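Engineer: Below is a structure I'd like to ask you about.
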Amino acid sequence: MSWEKELKDYTFYIKLEKKLADNTVEAYLRDLKQMGQFMRSEFGLESGTEVTSDQVESFMVSLYDKGVTKTTQARVLSGIKSFFNFLLINDKIENLPTEFTDAPKTGRILPDVLTVDEIGRIMDSIDLSSRFGYRNRAMIETLYSCGLRVSELVTLKLGDLFFYDGYIRVIGKGDKQRLVPISDVAVEYINRYLEQRAQQDVDSKSMDVVFLNNRGKALTRVMVFHIIKELATLAGITKSISPHTFRHSFATHLLEGGASIRQVQEMLGHESILTTEIYTHLDTTRLDETVEQYHPLSKKQHRI
């Protein structure tokens with residue numbers, strides 16, 4: 001069996017059976033094609049079934065030599081392991097060549113978080129009299145009050161809005177659904193935006209999409225990113241922020257307000273609580289800073 005046939009079968013598997021997100025599928029396939037090219041050029045291998053553990057190590061070393069970041073190396077190895085697991089469960093190989101290949105230690109990267117004041121400044125920087133003022137305000141309110149991923153925001157449908165019950169339905173990674181409470185303020189701005197949207201020509205393929213661009217089509221993730229960057233600049237925010245920053249801020253502010261980590265996990269749609277735990281580290285960092293600044297025996301307060 002050739003690389004091409006193996007990748008075709010693997011694509012079917014991760015899309016339809018594993019239900020991985022489109023972005024993950026694209027990343028895995030891109031990395032596996034790169035590995036296939038490496039195995040062909042370096043070892044003359046025409047199939048994943050021929051790959052050994054030493055050859056996997058050689059490929060990972062090649063990434064290191066090219067200066068690929070540890071985070072990217074870890075992602076590449078994750079996709080490779082998934083691919084060989086697929087070959088194993090389909091009886092194409094007898095042993096995993098990745099069994100003893102460890103991912104590089106990347107450490108925990110604590111994300112930037114906005115304060116409540118900074119979020120308020122971004123909200124206030126939006127000109128509601130502009131053509132897309134209410135749309136942009138509604139987007140920011142929804143990102144922050146619901147803790148959405150940007151992909152979840154741009155795919156939000158009119159049929160997912162259950163304002164009477166105070167919830168929206170979110171389709172997350174792997175097409176998993178969850179219900180998330182939405183604030184009254186977010187509901188108000190979405191409704192105001194929808195009143196304007198009713199006067200807009202809408203593309204037939206985007207009739208049920210909530211947030212549209214000026215051509216009546218669904219907003220892209222990149223467009224949302226640019227909108228937020230512009231608003232942050234207007235608000236005088238110097239932190240490096242993205243749509244995901246509002247999700248981080250949502251989780252952090254909930255924990256600071258007394259929410260349990262299980263509740264935050266459910267609202268964020270994290271499959272593993274280990275993913276959510278990074279926000280407890282953020283909270284601890286803030287506590288450390290508070291003690292350092294205000295405790296009478298801290299280094300800042302106590303000078304010998």
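Residue names in the structure tokens use chain letters A, B, ... in the order shown, residue numbers from 1 in each chain, and ligand numbers from 1 in the order shown.
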Residues at most 9 Å from A:Ala232, counting only C-alpha atoms, excluding those fewer than 3 positions away in the same chain, as a ChimeraX atom specification?

Structural biologist: /A:118,121-122,125,227-229,235-239,241

Engineer: To test your reading of the structure, identify every residue in stretch 62-96 of chain A that backbone DSSP assigns to alpha helix (DSSP H), and report it as an MDAnalysis selection string.

Structural biologist: chainID A and resid 62:65 70:89

Engineer: Please produce a file of those selected residues containing N, CA, C and O atoms, as a short mmCIF file (atom, residue, chain, number, x, y, z; two decimals), in the first residue's frame.

Structural biologist:
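Written out: part_16.cif:
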data_model
loop_
_atom_site.label_atom_id
_atom_site.label_comp_id
_atom_site.auth_asym_id
_atom_site.auth_seq_id
_atom_site.Cartn_x
_atom_site.Cartn_y
_atom_site.Cartn_z
N SER A 62 15.11 15.85 12.29
CA SER A 62 15.17 16.78 11.15
C SER A 62 14.34 18.03 11.41
O SER A 62 14.70 19.13 10.98
N LEU A 63 13.23 17.87 12.10
CA LEU A 63 12.41 19.03 12.45
C LEU A 63 13.15 19.93 13.42
O LEU A 63 13.12 21.17 13.30
N TYR A 64 13.81 19.31 14.39
CA TYR A 64 14.60 20.07 15.36
C TYR A 64 15.71 20.85 14.66
O TYR A 64 15.94 22.03 14.94
N ASP A 65 16.38 20.17 13.73
CA ASP A 65 17.49 20.82 13.00
C ASP A 65 17.02 22.00 12.16
O ASP A 65 17.79 22.94 11.89
N LYS A 70 9.14 23.65 19.68
CA LYS A 70 8.77 22.45 20.44
C LYS A 70 7.27 22.19 20.38
O LYS A 70 6.84 21.04 20.32
N THR A 71 6.51 23.27 20.39
CA THR A 71 5.06 23.11 20.32
C THR A 71 4.64 22.45 19.01
O THR A 71 3.80 21.55 18.99
N THR A 72 5.25 22.90 17.91
CA THR A 72 4.94 22.32 16.60
C THR A 72 5.45 20.88 16.52
O THR A 72 4.77 20.01 15.97
N GLN A 73 6.62 20.63 17.08
CA GLN A 73 7.14 19.26 17.09
C GLN A 73 6.16 18.33 17.82
O GLN A 73 5.91 17.21 17.37
N ALA A 74 5.63 18.80 18.93
CA ALA A 74 4.69 17.98 19.70
C ALA A 74 3.42 17.71 18.90
O ALA A 74 2.89 16.60 18.91
N ARG A 75 2.95 18.73 18.17
CA ARG A 75 1.75 18.54 17.34
C ARG A 75 2.01 17.55 16.22
O ARG A 75 1.18 16.68 15.93
N VAL A 76 3.18 17.66 15.59
CA VAL A 76 3.54 16.74 14.50
C VAL A 76 3.58 15.31 15.02
O VAL A 76 3.03 14.39 14.40
N LEU A 77 4.21 15.12 16.17
CA LEU A 77 4.32 13.77 16.73
C LEU A 77 2.94 13.22 17.09
O LEU A 77 2.68 12.02 16.92
N SER A 78 2.06 14.08 17.57
CA SER A 78 0.70 13.65 17.89
C SER A 78 0.01 13.08 16.66
O SER A 78 -0.64 12.03 16.71
N GLY A 79 0.15 13.78 15.52
CA GLY A 79 -0.46 13.30 14.28
C GLY A 79 0.17 12.02 13.79
O GLY A 79 -0.54 11.11 13.30
N ILE A 80 1.48 11.91 13.92
CA ILE A 80 2.18 10.71 13.48
C ILE A 80 1.73 9.50 14.31
O ILE A 80 1.49 8.41 13.79
N LYS A 81 1.63 9.71 15.62
CA LYS A 81 1.20 8.62 16.50
C LYS A 81 -0.22 8.18 16.15
O LYS A 81 -0.53 6.98 16.14
N SER A 82 -1.08 9.14 15.86
CA SER A 82 -2.45 8.82 15.47
C SER A 82 -2.47 8.00 14.18
O SER A 82 -3.23 7.03 14.06
N PHE A 83 -1.62 8.36 13.24
CA PHE A 83 -1.54 7.66 11.95
C PHE A 83 -1.10 6.20 12.14
O PHE A 83 -1.71 5.27 11.60
N PHE A 84 -0.06 6.00 12.94
CA PHE A 84 0.43 4.63 13.13
C PHE A 84 -0.51 3.80 14.00
O PHE A 84 -0.61 2.58 13.83
N ASN A 85 -1.22 4.46 14.90
CA ASN A 85 -2.27 3.74 15.65
C ASN A 85 -3.35 3.24 14.70
O ASN A 85 -3.88 2.13 14.86
N PHE A 86 -3.68 4.07 13.71
CA PHE A 86 -4.66 3.69 12.69
C PHE A 86 -4.17 2.45 11.91
O PHE A 86 -4.93 1.51 11.67
N LEU A 87 -2.90 2.44 11.53
CA LEU A 87 -2.34 1.29 10.81
C LEU A 87 -2.36 0.04 11.68
O LEU A 87 -2.63 -1.07 11.20
N LEU A 88 -2.11 0.23 12.98
CA LEU A 88 -2.07 -0.91 13.90
C LEU A 88 -3.45 -1.54 14.06
O LEU A 88 -3.60 -2.76 13.97
N ILE A 89 -4.47 -0.70 14.30
CA ILE A 89 -5.80 -1.26 14.54
C ILE A 89 -6.41 -1.87 13.28
O ILE A 89 -7.36 -2.65 13.35
#

Engineer: Would you kindly return, as a short mmCIF file (atom, residue, chain, number, x, y, z; two decimals) with N, CA, C and O atoms, in the first residue's frame, each protein, DNA or RNA residue with an atom no farther than 9 Å from any atom of A:Phe132, considering only C-alpha atoms and excluding same-chain residues fewer than 4 positions away?

Structural biologist:
data_model
loop_
_atom_site.label_atom_id
_atom_site.label_comp_id
_atom_site.auth_asym_id
_atom_site.auth_seq_id
_atom_site.Cartn_x
_atom_site.Cartn_y
_atom_site.Cartn_z
N ASP A 127 -17.84 51.92 17.80
CA ASP A 127 -18.75 52.98 17.37
C ASP A 127 -20.06 52.34 16.93
O ASP A 127 -20.17 51.78 15.85
N LEU A 128 -21.06 52.43 17.79
CA LEU A 128 -22.34 51.78 17.50
C LEU A 128 -23.09 52.43 16.35
O LEU A 128 -24.03 51.84 15.81
N ASN A 136 -20.22 44.07 15.78
CA ASN A 136 -18.95 43.90 16.47
C ASN A 136 -19.15 43.85 17.99
O ASN A 136 -18.50 43.06 18.68
N ARG A 137 -20.05 44.68 18.50
CA ARG A 137 -20.31 44.66 19.94
C ARG A 137 -20.95 43.33 20.34
O ARG A 137 -20.58 42.72 21.36
N TYR A 193 -28.32 43.81 16.61
CA TYR A 193 -27.62 43.50 15.36
C TYR A 193 -28.53 42.78 14.37
O TYR A 193 -28.54 43.09 13.17
N GLN A 196 -30.61 45.01 12.32
CA GLN A 196 -29.87 45.59 11.19
C GLN A 196 -29.64 44.54 10.11
O GLN A 196 -29.75 44.83 8.91
N ASN A 213 -20.43 39.10 7.07
CA ASN A 213 -19.57 40.19 6.60
C ASN A 213 -20.37 41.14 5.72
O ASN A 213 -21.59 41.00 5.57
N ASN A 214 -19.70 42.09 5.10
CA ASN A 214 -20.42 43.10 4.31
C ASN A 214 -21.00 42.55 3.01
O ASN A 214 -21.79 43.23 2.35
#

Engineer: Of the residues A:Val113, A:Val209, A:Leu20, A:Val68, which is the one nearest to A:Leu158, using only C-alpha atoms?

Structural biologist: A:Val209

Engineer: In Å, with one decimal, what is the gap from atom CA of A:Val210 to atom CA of A:Asp184?

Structural biologist: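 Between these atoms lies a distance of 17.1 Å.
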
Engineer: Considering only C-alpha atoms, state which residue in the set A:Asn90, A:Thr115, A:Thr98, A:Gln177 is at the smallest distance from A:His270.

Structural biologist: A:Gln177

Engineer: So that I can check the surroundings of A:Tyr10, please list as a list in words every protein, DNA and RNA residue that reaches within 9 Å of it, counting only C-alpha atoms and ignoring chain neighbours fewer than 3 positions away.

Structural biologist: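 Within the cut-off, the hits are Lys5, Glu6, Leu7, Tyr13, Ile14, Lys15, Leu29, Phe83, Phe86 and Leu87 of chain A.
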
Engineer: Can you pull out every residue within 10 Å of A:Val264, counting only C-alpha atoms, but drop anything in the same chain fewer than 5 positions away, and send it as number ranges by chain?

Structural biologist: A: 147, 250-252, 254-255, 259, 269-270, 273, 276-277, 279

Engineer: Those same residues - N, CA, C and O atoms - I'd like them written as an mmCIF file, in the first residue's frame.

Structural biologist:
data_model
loop_
_atom_site.group_PDB
_atom_site.id
_atom_site.type_symbol
_atom_site.label_atom_id
_atom_site.label_comp_id
_atom_site.auth_asym_id
_atom_site.auth_seq_id
_atom_site.Cartn_x
_atom_site.Cartn_y
_atom_site.Cartn_z
ATOM 1 N N GLY A 147 -17.554 32.443 26.449
ATOM 2 C CA GLY A 147 -16.273 31.743 26.397
ATOM 3 C C GLY A 147 -16.090 30.912 25.143
ATOM 4 O O GLY A 147 -15.535 29.808 25.187
ATOM 5 N N PHE A 250 -12.723 34.904 30.090
ATOM 6 C CA PHE A 250 -13.992 34.333 30.578
ATOM 7 C C PHE A 250 -13.717 33.286 31.656
ATOM 8 O O PHE A 250 -14.292 33.322 32.756
ATOM 9 N N ALA A 251 -12.840 32.333 31.357
ATOM 10 C CA ALA A 251 -12.548 31.243 32.290
ATOM 11 C C ALA A 251 -11.878 31.759 33.556
ATOM 12 O O ALA A 251 -12.237 31.364 34.673
ATOM 13 N N THR A 252 -10.920 32.647 33.387
ATOM 14 C CA THR A 252 -10.187 33.173 34.539
ATOM 15 C C THR A 252 -11.097 33.970 35.461
ATOM 16 O O THR A 252 -11.065 33.806 36.687
ATOM 17 N N LEU A 254 -14.323 33.687 35.785
ATOM 18 C CA LEU A 254 -15.255 32.788 36.456
ATOM 19 C C LEU A 254 -14.619 32.148 37.687
ATOM 20 O O LEU A 254 -15.225 32.082 38.761
ATOM 21 N N LEU A 255 -13.386 31.662 37.520
ATOM 22 C CA LEU A 255 -12.696 31.024 38.647
ATOM 23 C C LEU A 255 -12.418 32.029 39.755
ATOM 24 O O LEU A 255 -12.556 31.718 40.943
ATOM 25 N N ALA A 259 -16.430 30.214 40.688
ATOM 26 C CA ALA A 259 -16.936 29.050 39.962
ATOM 27 C C ALA A 259 -15.992 27.870 40.152
ATOM 28 O O ALA A 259 -14.783 28.042 40.329
ATOM 29 N N GLY A 269 -16.268 23.423 27.177
ATOM 30 C CA GLY A 269 -16.324 22.267 26.292
ATOM 31 C C GLY A 269 -15.034 21.491 26.240
ATOM 32 O O GLY A 269 -14.737 20.823 25.247
ATOM 33 N N HIS A 270 -14.245 21.561 27.321
ATOM 34 C CA HIS A 270 -12.994 20.798 27.380
ATOM 35 C C HIS A 270 -13.301 19.332 27.678
ATOM 36 O O HIS A 270 -14.031 19.024 28.617
ATOM 37 N N ILE A 273 -10.284 17.673 32.028
ATOM 38 C CA ILE A 273 -10.156 18.752 33.008
ATOM 39 C C ILE A 273 -8.716 19.244 33.085
ATOM 40 O O ILE A 273 -8.452 20.362 33.553
ATOM 41 N N THR A 276 -8.406 22.452 31.352
ATOM 42 C CA THR A 276 -8.983 23.574 32.086
ATOM 43 C C THR A 276 -8.086 24.019 33.228
ATOM 44 O O THR A 276 -8.127 25.176 33.651
ATOM 45 N N GLU A 277 -7.241 23.120 33.717
ATOM 46 C CA GLU A 277 -6.434 23.407 34.898
ATOM 47 C C GLU A 277 -5.457 24.554 34.698
ATOM 48 O O GLU A 277 -4.980 25.148 35.658
ATOM 49 N N TYR A 279 -6.071 27.402 33.890
ATOM 50 C CA TYR A 279 -6.653 28.627 34.443
ATOM 51 C C TYR A 279 -6.512 28.690 35.950
ATOM 52 O O TYR A 279 -6.525 29.782 36.521
#

Engineer: Please report the interatomic distance between atom CA of A:Gly216 and atom CA of A:Ile140 in Å with one decimal.

Structural biologist: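 Distance between the two atoms: 19.4 Å.
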
Engineer: Tell me, in Å to one decimal, how far atom CA of A:Met267 is from atom CA of A:Leu153.

Structural biologist: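 So the answer is 14.2 Å.
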
Engineer: Pick out each residue of stretch 54-283 of chain A that DSSP on the backbone tags as strand (DSSP E or B); I need them as a PyMOL selection string.

Structural biologist: chain A and resi 157+161-162+167-171+177-181+209+212+218

Engineer: Closest to A:Thr220 among A:Val116, A:Val154, A:Val56, A:Ala138, using only C-alpha atoms?

Structural biologist: A:Val154
